[in-house]
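**Q** Questions regarding the structure given below will be posed in turn.
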Amino acid sequence: MPVHGEYRHLLQHARLAESVGIPADRIFLVEDGLGLEVTRSGARVLGRYPAGRVLVDGKGVGDIGAVVLRDRQLLGEAGMLVVALTIDRVTGAIVAGPEIASRGFVYMKEADDLMSEVKSAVREALAARDETDVIDKELIGSTVRSTVRRFINQRFQRKPVVLPVVLEI
């Protein structure tokens, strides 16, 4: 019974066994989820059993949810940008920043011009807000996120995770 590799490997192992003289009726090609009953008089393939992948993450086994896996895949494919800025609690004006950190998107030392353009786009988007809007960290964060994602998507056709960090003073 071949037990190692993908199905194509199992098939090659079975053919190898047959080529060295093992009778075909004594070679069992069993996929994940199929049972094999072995007795003194022979063996037979049983029906299906519930089987699936078990994901191991550090010390945890099977405790990683689909949402976490999707987030990790997204981070791995598109990268992440963190945009940090400090605003005045009363006026909503930018006091410091925006500062940008990138992981898995672009190498920061080679992307100074790009990051300057992103910073300008964020400043312009925040300056274009209606002055009657309530000064709200969440709303400003949402504006920053959508502005950066739109800018990056137009330029690179990529959608990195954008994490705005808005501090108030």
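Chain labels follow the order of the structure tokens: the first chain is A, the next B, and so on; residue numbering restarts at 1 in every chain, and ligands are counted from 1 in their shown order.
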Taking the DSSP assignment computed from this structure's backbone, write out as a VMD selection string all residues of chain A that belong to strand (DSSP E or B).
**A** chain A and resid 34 to 39 42 to 48 56 to 57 60 to 61 80 to 87 94 to 103 161 to 168
**Q** Which residues are close to Arg103 (chain A), i.e. within 8 Å by only C-alpha atoms, leaving aside same-chain residues fewer than 3 positions away? Reply as an MDAnalysis selection string.
**A** chainID A and resid 79:81 106:107
**Q** Any chance you can output those residues with N, CA and C atoms as a PDB file, in the first residue's frame?
**A**
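Wrote it out as again26.pdb, contents follow:
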```
ATOM      1  N   GLY A  79       0.683  42.366   0.670  1.00  0.00           N
ATOM      2  CA  GLY A  79       1.467  43.161   1.597  1.00  0.00           C
ATOM      3  C   GLY A  79       0.602  44.064   2.470  1.00  0.00           C
ATOM      4  N   MET A  80       1.279  44.948   3.201  1.00  0.00           N
ATOM      5  CA  MET A  80       0.584  45.810   4.148  1.00  0.00           C
ATOM      6  C   MET A  80       1.257  47.174   4.215  1.00  0.00           C
ATOM      7  N   LEU A  81       0.438  48.187   4.357  1.00  0.00           N
ATOM      8  CA  LEU A  81       0.918  49.552   4.583  1.00  0.00           C
ATOM      9  C   LEU A  81       0.295  50.066   5.870  1.00  0.00           C
ATOM     10  N   VAL A 106       6.409  47.162  -0.872  1.00  0.00           N
ATOM     11  CA  VAL A 106       7.566  47.715  -1.581  1.00  0.00           C
ATOM     12  C   VAL A 106       8.706  47.847  -0.586  1.00  0.00           C
ATOM     13  N   TYR A 107       9.934  47.835  -1.108  1.00  0.00           N
ATOM     14  CA  TYR A 107      11.095  48.061  -0.273  1.00  0.00           C
ATOM     15  C   TYR A 107      11.198  49.563  -0.037  1.00  0.00           C
TER      16      TYR A 107
END
```
**Q** Extract, using only C-alpha atoms, all DNA, RNA and protein residues at most 10 Å from Val144 (chain A), discarding same-chain residues fewer than 6 positions from it, and format them as a ChimeraX atom specification.
**A** /A:83-85,98,118-119,121-123,125-126,138,150,162-166
**Q** Got a sec: who's within 12 Å of Gly104 (chain A), counting only C-alpha atoms, leaving out chain neighbours fewer than 2 positions off, as a ChimeraX atom specification?
**A** /A:72-82,101-102,106-108,158-162
**Q** Write out as a list in words the residues lying within 10 Å of region 1-3 of chain A, counting only C-alpha atoms and excluding same-chain residues fewer than 4 positions away.
**A** Tyr7, His9, Leu10, Leu11, Gln12, His13, Ala14, Arg15, Leu16, Ala17, Arg26, Ile27, Phe28, Leu29, Val30, Glu31, Asp32 and Leu36 of chain A
**Q** Could you check how far CA of Leu114 (chain A) sits from CA of Leu167 (chain A), in Å to one decimal?
**A**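 One can read the CA of Leu114 (chain A) to CA of Leu167 (chain A) distance as 23.6 Å.
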**Q** At what distance in Å, to one decimal, does CA of Asp136 (chain A) lie from CA of Val148 (chain A)?
**A** 18.4 Å
**Q** Please identify all polymer residues within 9 Å of Tyr49 (chain A), counting only C-alpha atoms, omitting same-chain residues fewer than 2 positions from it, and present them as a short mmCIF file (atom, residue, chain, number, x, y, z; two decimals) with all heavy atoms, in the first residue's frame.
**A**
```cif
data_model
loop_
_atom_site.label_atom_id
_atom_site.label_comp_id
_atom_site.auth_asym_id
_atom_site.auth_seq_id
_atom_site.Cartn_x
_atom_site.Cartn_y
_atom_site.Cartn_z
N ASP A 32 -6.81 9.52 0.81
CA ASP A 32 -7.21 10.03 2.12
C ASP A 32 -8.70 9.82 2.32
O ASP A 32 -9.51 10.12 1.43
CB ASP A 32 -6.90 11.53 2.25
CG ASP A 32 -5.41 11.80 2.32
OD1 ASP A 32 -4.64 10.86 2.57
OD2 ASP A 32 -5.02 12.97 2.14
N GLY A 33 -9.07 9.31 3.47
CA GLY A 33 -10.47 9.10 3.80
C GLY A 33 -10.99 7.71 3.53
O GLY A 33 -12.08 7.36 3.97
N LEU A 34 -10.23 6.90 2.81
CA LEU A 34 -10.63 5.51 2.57
C LEU A 34 -10.00 4.62 3.64
O LEU A 34 -8.85 4.84 4.03
CB LEU A 34 -10.19 5.02 1.19
CG LEU A 34 -10.96 5.57 0.00
CD1 LEU A 34 -10.35 5.05 -1.30
CD2 LEU A 34 -12.42 5.17 0.08
N GLY A 35 -10.75 3.62 4.08
CA GLY A 35 -10.22 2.69 5.07
C GLY A 35 -9.72 1.43 4.41
O GLY A 35 -10.15 1.06 3.32
N LEU A 46 -12.30 -0.38 2.54
CA LEU A 46 -13.60 -0.08 3.16
C LEU A 46 -14.14 1.22 2.59
O LEU A 46 -13.52 1.85 1.73
CB LEU A 46 -13.43 0.04 4.68
CG LEU A 46 -12.87 -1.19 5.39
CD1 LEU A 46 -12.63 -0.87 6.84
CD2 LEU A 46 -13.81 -2.36 5.25
N GLY A 47 -15.27 1.66 3.11
CA GLY A 47 -15.87 2.92 2.66
C GLY A 47 -15.09 4.14 3.14
O GLY A 47 -14.02 4.04 3.72
N ALA A 51 -12.46 12.83 6.73
CA ALA A 51 -11.04 13.19 6.81
C ALA A 51 -10.85 14.56 6.20
O ALA A 51 -11.62 14.99 5.34
CB ALA A 51 -10.19 12.17 6.07
#
```
**Q** Under the rule that only C-alpha atoms are counted, which of A:Phe151, A:Ile22, A:Asp88, A:Ala96 is the nearest residue to Met115 (chain A)?
**A** A:Phe151
**Q** How far is it from CA of Ala66 (chain A) to CA of Pro50 (chain A), in Å with one decimal?
**A**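 Separation between CA of Ala66 (chain A) and CA of Pro50 (chain A): 19.1 Å.
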**Q** Rank A:Ala127, A:Arg155, A:Arg145, A:Ile135 by their smallest atom-to-atom distance to Thr91 (chain A), using only C-alpha atoms, and report the top residue only.
**A**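 Nearest candidate to Thr91 (chain A) out of A:Ala127, A:Arg155, A:Arg145, A:Ile135: A:Ile135.
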**Q** From the DSSP assignment of the backbone, select every residue of chain A that is alpha helix (DSSP H), and format the answer as a PyMOL selection string.
**A** chain A and resi 7-19+66-78+112-127+137-156
